[in-house]
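**Student:** Submitted below is the structure of interest, expressed as structure tokens.
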Protein chains: 4
Amino acid sequence: MKRVSVVGASGYTGGELLRLLVTHPQVELVQATSRSHLGEYLYQVHPNLRKRTTLKFSDPETLEPVDVLFLALPHGQAQQRIDALAATAPTIIDLSADFRLHDPADYARWYGAAHAAPAWLDKFVYGLPELHRDELRTAHYASGVGCNATAANLALLPAVQAGLLDAGKPIVVEIKVGSSEGGAEGNPGTHHPERSGVIRTFSPFGHRHTGEVIQELGLADVSLTMTSVDLVRGALATAHAAVKPGVTTKDLWKAYREVAAANPFVRLVKEARGIYRVPEPKVLAGSNYADVGFDLDEINGHLVSICAIDNLMKGASGSAVQCMNLMLGFEETLGLEFSGLHPI
Amino acid sequence: MKRVSVVGASGYTGGELLRLLVTHPQVELVQATSRSHLGEYLYQVHPNLRKRTTLKFSDPETLEPVDVLFLALPHGQAQQRIDALAATAPTIIDLSADFRLHDPADYARWYGAAHAAPAWLDKFVYGLPELHRDELRTAHYASGVGCNATAANLALLPAVQAGLLDAGKPIVVEIKVGSSEGGAEGNPGTHHPERSGVIRTFSPFGHRHTGEVIQELGLADVSLTMTSVDLVRGALATAHAAVKPGVTTKDLWKAYREVAAANPFVRLVKEARGIYRVPEPKVLAGSNYADVGFDLDEINGHLVSICAIDNLMKGASGSAVQCMNLMLGFEETLGLEFSGLHPI
Amino acid sequence: MKRVSVVGASGYTGGELLRLLVTHPQVELVQATSRSHLGEYLYQVHPNLRKRTTLKFSDPETLEPVDVLFLALPHGQAQQRIDALAATAPTIIDLSADFRLHDPADYARWYGAAHAAPAWLDKFVYGLPELHRDELRTAHYASGVGCNATAANLALLPAVQAGLLDAGKPIVVEIKVGSSEGGAEGNPGTHHPERSGVIRTFSPFGHRHTGEVIQELGLADVSLTMTSVDLVRGALATAHAAVKPGVTTKDLWKAYREVAAANPFVRLVKEARGIYRVPEPKVLAGSNYADVGFDLDEINGHLVSICAIDNLMKGASGSAVQCMNLMLGFEETLGLEFSGLHPI
Amino acid sequence: MKRVSVVGASGYTGGELLRLLVTHPQVELVQATSRSHLGEYLYQVHPNLRKRTTLKFSDPETLEPVDVLFLALPHGQAQQRIDALAATAPTIIDLSADFRLHDPADYARWYGAAHAAPAWLDKFVYGLPELHRDELRTAHYASGVGCNATAANLALLPAVQAGLLDAGKPIVVEIKVGSSEGGAEGNPGTHHPERSGVIRTFSPFGHRHTGEVIQELGLADVSLTMTSVDLVRGALATAHAAVKPGVTTKDLWKAYREVAAANPFVRLVKEARGIYRVPEPKVLAGSNYADVGFDLDEINGHLVSICAIDNLMKGASGSAVQCMNLMLGFEETLGLEFSGLHPI
């Protein structure tokens, strides 16, 4: 049994980590910290943990040494304290955006400020196992992933890896997201009467996660357009790209099948009948799957590639636990077996 | 044209008043006040008013004299300022809870504090036209109504007026409500990820609106149980009462039909087929109708009576404008013609 | 008072027409036909009409002569009977897809079958007043509009009219839609447990409404991508296009402002603060507005233009009544004054 | 490893069984039958099973012998074929209503027809472990439970077991339910535009599950009132009863605590602060917990007792697997460890 703690555990990614760690057969949850809920039972904030743990939120200033430390702090905080945090655990997985980009200039471009610990940027492996599985097996530090970046990256990964895209053409990724993406802190726009039933294109381009897509897929001209819809968990990326001349639907089938075969949490969804013919986040709540699909307009080479995820799982805490499994030498899928629900 | 102003117009009942007044053929909207949105266009807070009015929120301290003043302030404020407010208009309709109960002792019981202007309590007519139509025609001061009280009162009104209830038996009114009932100010429980998809019985008994049901229907033993569900607008009251021995379904049909015939905004819904057999708030969004229905278990005399309303319309601003129409001698339904939507 | 009838009035566009016509001050509703609900009261199918009309559904084979006939039949039926239908009224407005495209070859391309009455195609004016206001004033026959086509057309109209688009670059319009778009007939995929909470990209390209965008805007390379989300009423089009070199945000402001100024039901929504900064269908339920907005990435000329509508109003029945107003010489906005609700 | 099959596996309770059995560590899923989806992969109907099983739906006429047979057929079918079905497995768990009531007269009363196999009624143990744990350990036949009956039974169980209720007073249980309760077959009222956003009291009293509450709790005068709300999974029972004179809140605390302590899947939820103070089905999706709570109006002895469940889990398939665990001598919670999600 490995000892693990979660720093910043009262938010949604922190809570999802707690859920996964409490039932993980090879780890023991030692501490879960929260300043704002200090002393409360974990289940008072995360009611799904009632009867699962009697742990209380502890003070982030009194961290015990553990084998693995998960950081689920608001963006910008981990980089301020990374040296102190690293002293408490040999393995760190940071779910914030602080250590996802390797180049300090990229960080400054997308986050509008200089990085506080640029020397650490290269020590972190980008925590998407579908892209960095082998590196993760020997890594001590892994970053989390941006949920929207993950939906975009996995939508495009098969075509990129197979070299089928016309990289000179612009790529537009339209991402529709649920409300949990905004985190546990409310604002006037998340008040239920205002947020319910919306289709709200809140970011036409320039979303910070774009930097992760550019870095990880090596693409130059990519835009992410973000639209909020009425759902709590889930993100769907619909990517529009151009394929190289001569690329056929058959080529794409092969590329997508290979990626699904090589990755336990990637599934190809492309059915000719039934209700569930395309990837949909609805059936993924709580699961770590990324469902991918595509369609090619062979007349003009317009590829529409789709990826559905649970933003709190494959887009955050699920990928983080998957990274932990690889970093500790466990089975990659351990503790991530929940299949999702139908109907829900 | 009568000149009207709304004090406290940035909240949900205030906004609904603005919508109704802007399109009312016999009134001119003079001022809409808001401290927190002072100087903003009304349509920046209430986006449905874009291209309908270029008015801006004004300062509540600079009220112009008008014919009618609507008060949509948070509970407790109108009673503090009622003398000053009454100086600006001969007719006042207060949508808060401040002037609904006539007896200061009742106010203290349900609101937990002494009333600040007890001498005013008897000057206000309780603003439900279905109960006080004639008084309203000559009144200068009308209170608004509690939305839950209105659903309960109109569910029970036909059986009470016809003398069919066994008043010695307890009455339980189960009310299911949408999120707009809580008002425009958010709190942690109204954050969309926490509020979406709930069935949350937040008040088992003791709800403040109970006082209005007791006062208006003359009932002794009534409980209101409140449950939040996933909807923005709408309230459904399901009332459980016992009828007197010998009362039949036919007696109830007669009683409910009479109330529906006597009131332009009450409809009896009791169909044997189709999708919409019973009263439902879903089809009432934006309309001023109260749909009522009932079923009697003739074996044990258990009456289940149902009333559906839009809590912001019949349960608040719609009834207030209906009161204004009566008080100013207009057609009772003027400006309240919107029928609701199907589907929605 | 003009006499009007609706053929095919039990569906959603038919029902919405009924709602508008029942309250329209210059028309009298004579007949509403339905084979499947023959003899039922209109309000048994459309519960919002209770207490508004005591009309029953009549037989489509027994049409009385009227001034205006609205056709809300399933696609393909109006073209079969157009001669007979035209004998009953001098003015016809057909809401189906039968008479939207002028070229029989276009019809065959998008609908996969030869048109049954090709001689009639040129007699119909495409019923979007924002594009054909003057023609409609003298027209006897108007088609309805495709809801998705309307969202796409109005999103792009300002930039197209001002000549700002680089027409050589492909245009992708991502449209998110509510469930009422699929009509009143259910199928396994519209069963609530399966349809609730979806983000389902059901058509990556090739949607039939594309033909209307090509015809009306004169664009060559346009794709519509359709995604269902959890909402009943509403459609949001997010259009991605490239502007000509040198086009600035200021140029676009001018173009969008001009279109909003010239059209009573078009509003420009582009706010720097508040909750409602961009066009959203949520606030448009029941209203005839099309809210438009845009953002330009000045670095690469990527224009994101947005249009929100209520698919049953501006995208169908609202535009049809607006056409009727123009064709009969009424005020263009008559009977279409409902502002939408906030919150909802 | 025990061999198990599911008869009637394309519906919602069947699908939920499949999900649980596919991941249960001590059983092997042998067959899943469906006439309507014969030959299709299970994951084409239940998309959460993709990559979890490559089994196809098989013919119910070709059942292999197994250790445990689950029946998830429409009500009325199991009783027609029980002898043949019993020949294929020594242990049967029937999730339909066919074997829940022990007295043929009760069956006839609530289901309106004579039972086809009355001799079998007494062989089945009512499958709610919280009521019949010890009997189930030695049983060969267990019935499933009605979802609404389960919510009502567990809401009232603590007060009934402790003898705190005034059994002479009527009990009203208001139950709010999600759309999955109606099963996988759609009808006009489950079409998303009609079902979305409803608060629809579809059954004022007389619901069939009432018979299970009367039988299991020994109560005489109980009514169940059913209201549909906008949610897919989940049921909340709010029970209104009278306590015996002198019963205090402290007595009830003791009674509810004892039941929660004695049953691994019952949790007492009664918090003074935080968002989640009372039982809510929202946080139970996919979990087997029944969350219970209560409030007592000490002035008049009005007890409001609440129970939240996932209707497909504790209200159907989860309790059935819990029964299986007891009947086969496994740990009671095996395969039922999923904690539910927050937020969702």
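Order determines the names: the first chain of the structure tokens is A, the second B, and so forth; residues in each chain are numbered 1 upward, and ligands are numbered 1 upward as they are shown.
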Between chain A and chain C, at 8 Å or less, what are the per-residue closest atom pairs and their distances in Å? Count only C-alpha atoms, order by chain and rising residue number, and return it as JSON lines.
**Tutor:**
```
{"residue": "A:Glu174", "atom": "CA", "partner": "C:Glu174", "partner_atom": "CA", "distance": 7.6}
{"residue": "A:Lys176", "atom": "CA", "partner": "C:Ile199", "partner_atom": "CA", "distance": 7.4}
{"residue": "A:Pro188", "atom": "CA", "partner": "C:Ile275", "partner_atom": "CA", "distance": 7.0}
{"residue": "A:Gly189", "atom": "CA", "partner": "C:Ile275", "partner_atom": "CA", "distance": 5.4}
{"residue": "A:Pro193", "atom": "CA", "partner": "C:Pro343", "partner_atom": "CA", "distance": 5.9}
{"residue": "A:Glu194", "atom": "CA", "partner": "C:Pro343", "partner_atom": "CA", "distance": 6.3}
{"residue": "A:Ser196", "atom": "CA", "partner": "C:Ile344", "partner_atom": "CA", "distance": 8.0}
{"residue": "A:Gly197", "atom": "CA", "partner": "C:Leu231", "partner_atom": "CA", "distance": 5.7}
{"residue": "A:Val198", "atom": "CA", "partner": "C:Lys282", "partner_atom": "CA", "distance": 5.5}
{"residue": "A:Ile199", "atom": "CA", "partner": "C:Glu280", "partner_atom": "CA", "distance": 6.1}
{"residue": "A:Arg200", "atom": "CA", "partner": "C:Glu280", "partner_atom": "CA", "distance": 5.8}
{"residue": "A:Thr201", "atom": "CA", "partner": "C:Val278", "partner_atom": "CA", "distance": 7.2}
{"residue": "A:Phe202", "atom": "CA", "partner": "C:Val278", "partner_atom": "CA", "distance": 7.4}
{"residue": "A:Pro204", "atom": "CA", "partner": "C:Val304", "partner_atom": "CA", "distance": 6.2}
{"residue": "A:Phe205", "atom": "CA", "partner": "C:Asp297", "partner_atom": "CA", "distance": 7.4}
{"residue": "A:Val229", "atom": "CA", "partner": "C:Val229", "partner_atom": "CA", "distance": 6.9}
{"residue": "A:Asp230", "atom": "CA", "partner": "C:Asp230", "partner_atom": "CA", "distance": 5.8}
{"residue": "A:Leu231", "atom": "CA", "partner": "C:Gly197", "partner_atom": "CA", "distance": 5.7}
{"residue": "A:Leu236", "atom": "CA", "partner": "C:Ile199", "partner_atom": "CA", "distance": 6.8}
{"residue": "A:Thr238", "atom": "CA", "partner": "C:Thr201", "partner_atom": "CA", "distance": 7.8}
{"residue": "A:Ile275", "atom": "CA", "partner": "C:Gly189", "partner_atom": "CA", "distance": 5.4}
{"residue": "A:Val278", "atom": "CA", "partner": "C:Thr201", "partner_atom": "CA", "distance": 7.2}
{"residue": "A:Pro279", "atom": "CA", "partner": "C:Arg200", "partner_atom": "CA", "distance": 7.4}
{"residue": "A:Glu280", "atom": "CA", "partner": "C:Arg200", "partner_atom": "CA", "distance": 5.8}
{"residue": "A:Pro281", "atom": "CA", "partner": "C:Ile199", "partner_atom": "CA", "distance": 6.8}
{"residue": "A:Lys282", "atom": "CA", "partner": "C:Val198", "partner_atom": "CA", "distance": 5.5}
{"residue": "A:Asp295", "atom": "CA", "partner": "C:Pro204", "partner_atom": "CA", "distance": 6.8}
{"residue": "A:Asp297", "atom": "CA", "partner": "C:Phe205", "partner_atom": "CA", "distance": 7.5}
{"residue": "A:Val304", "atom": "CA", "partner": "C:Pro204", "partner_atom": "CA", "distance": 6.2}
{"residue": "A:Pro343", "atom": "CA", "partner": "C:Pro193", "partner_atom": "CA", "distance": 5.9}
{"residue": "A:Ile344", "atom": "CA", "partner": "C:Pro193", "partner_atom": "CA", "distance": 6.6}
```
**Student:** Once DSSP has gone over the backbone, tell me which residues of range 19-201 of chain C are in helix (DSSP H, G or I), as a PyMOL selection string.
**Tutor:** chain C and resi 19-23+42-45+47-49+78-86+104-111+118-123+129-137+147-161+179-182+188-190+192-195
**Student:** Tell me, as a ChimeraX atom specification, which residues lie within 9 Å of Gly14 in chain D, counting only C-alpha atoms; anything in the same chain fewer than 4 positions away does not count.
**Tutor:** /D:6-10,18-19,32,70-73,95,317
**Student:** Compare D:Leu154, D:Ala84, D:Leu326, D:Ala97 by their minimum atom-to-atom distance to His209 in chain D, counting only C-alpha atoms, and give me the closest one.
**Tutor:** D:Ala97
**Student:** Can you work out the spacing between CA of Phe330 in chain D and CA of Leu69 in chain D in Å, to one decimal?
**Tutor:** 16.5 Å
**Student:** Excluding range 138-140 of chain A and any residue of its chain fewer than 6 positions from it, enumerate the residues within 12 Å of it, using only C-alpha atoms, and give them as a list of chain:residue names.
**Tutor:**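 Counting only the stated atoms, we get A:Asp67, A:Val68, A:Leu69, A:Phe70, A:Ala86, A:Ala89, A:Pro90, A:Thr91, A:Ile92, A:Ile93, A:Asp94, A:Trp120, A:Asp122, A:Lys123, A:Phe124, A:Val125, A:Tyr126, A:Gly127, A:Pro129, A:His132, A:Cys323, A:Met324, A:Asn325, A:Leu326, A:Met327, A:Leu328, A:Gly329.
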**Student:** Between CA of Ala316 in chain D and CA of Arg257 in chain D, what is the spacing in Å?
**Tutor:**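 Between these atoms lies a distance of 24.2 Å.
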**Student:** Near range 39-43 of chain B, counting only C-alpha atoms, which residues have an atom at most 7 Å away, once you skip same-chain residues fewer than 2 positions from it, shown as an MDAnalysis selection string?
**Tutor:** chainID B and resid 37 45:50 54:58
**Student:** So the first atom is CA of Leu121 in chain C and the second is CA of Arg81 in chain C; what is the distance between them in Å, to one decimal place?
**Tutor:** 13.6 Å
**Student:** Find the residues near Asp103 in chain B: any atom within 12 Å, counting only C-alpha atoms, skip ones fewer than 5 places away on the same chain, and give them as number ranges by chain.
**Tutor:** B: 98, 108-110, 114-115, 117-124, 211-212, 214-215
**Student:** Which one is closest to Ala260 in chain D: A:Ala151, A:Ala87, A:Lys51, A:Gly112? Count only C-alpha atoms.
**Tutor:** A:Lys51
**Student:** Return as a PyMOL selection string the full set of residues in range 59-280 of chain D whose backbone-based DSSP assignment is strand (DSSP E).
**Tutor:** chain D and resi 68-71+91-94+141-143+171-177+199-203+222-229+235-242+266-268
**Student:** Please provide the set of residues having any atom within 7 Å of Ala184 in chain B, restricted to only C-alpha atoms, with same-chain residues fewer than 2 positions apart removed, written as a PyMOL selection string.
**Tutor:** chain B and resi 11-12+182+186
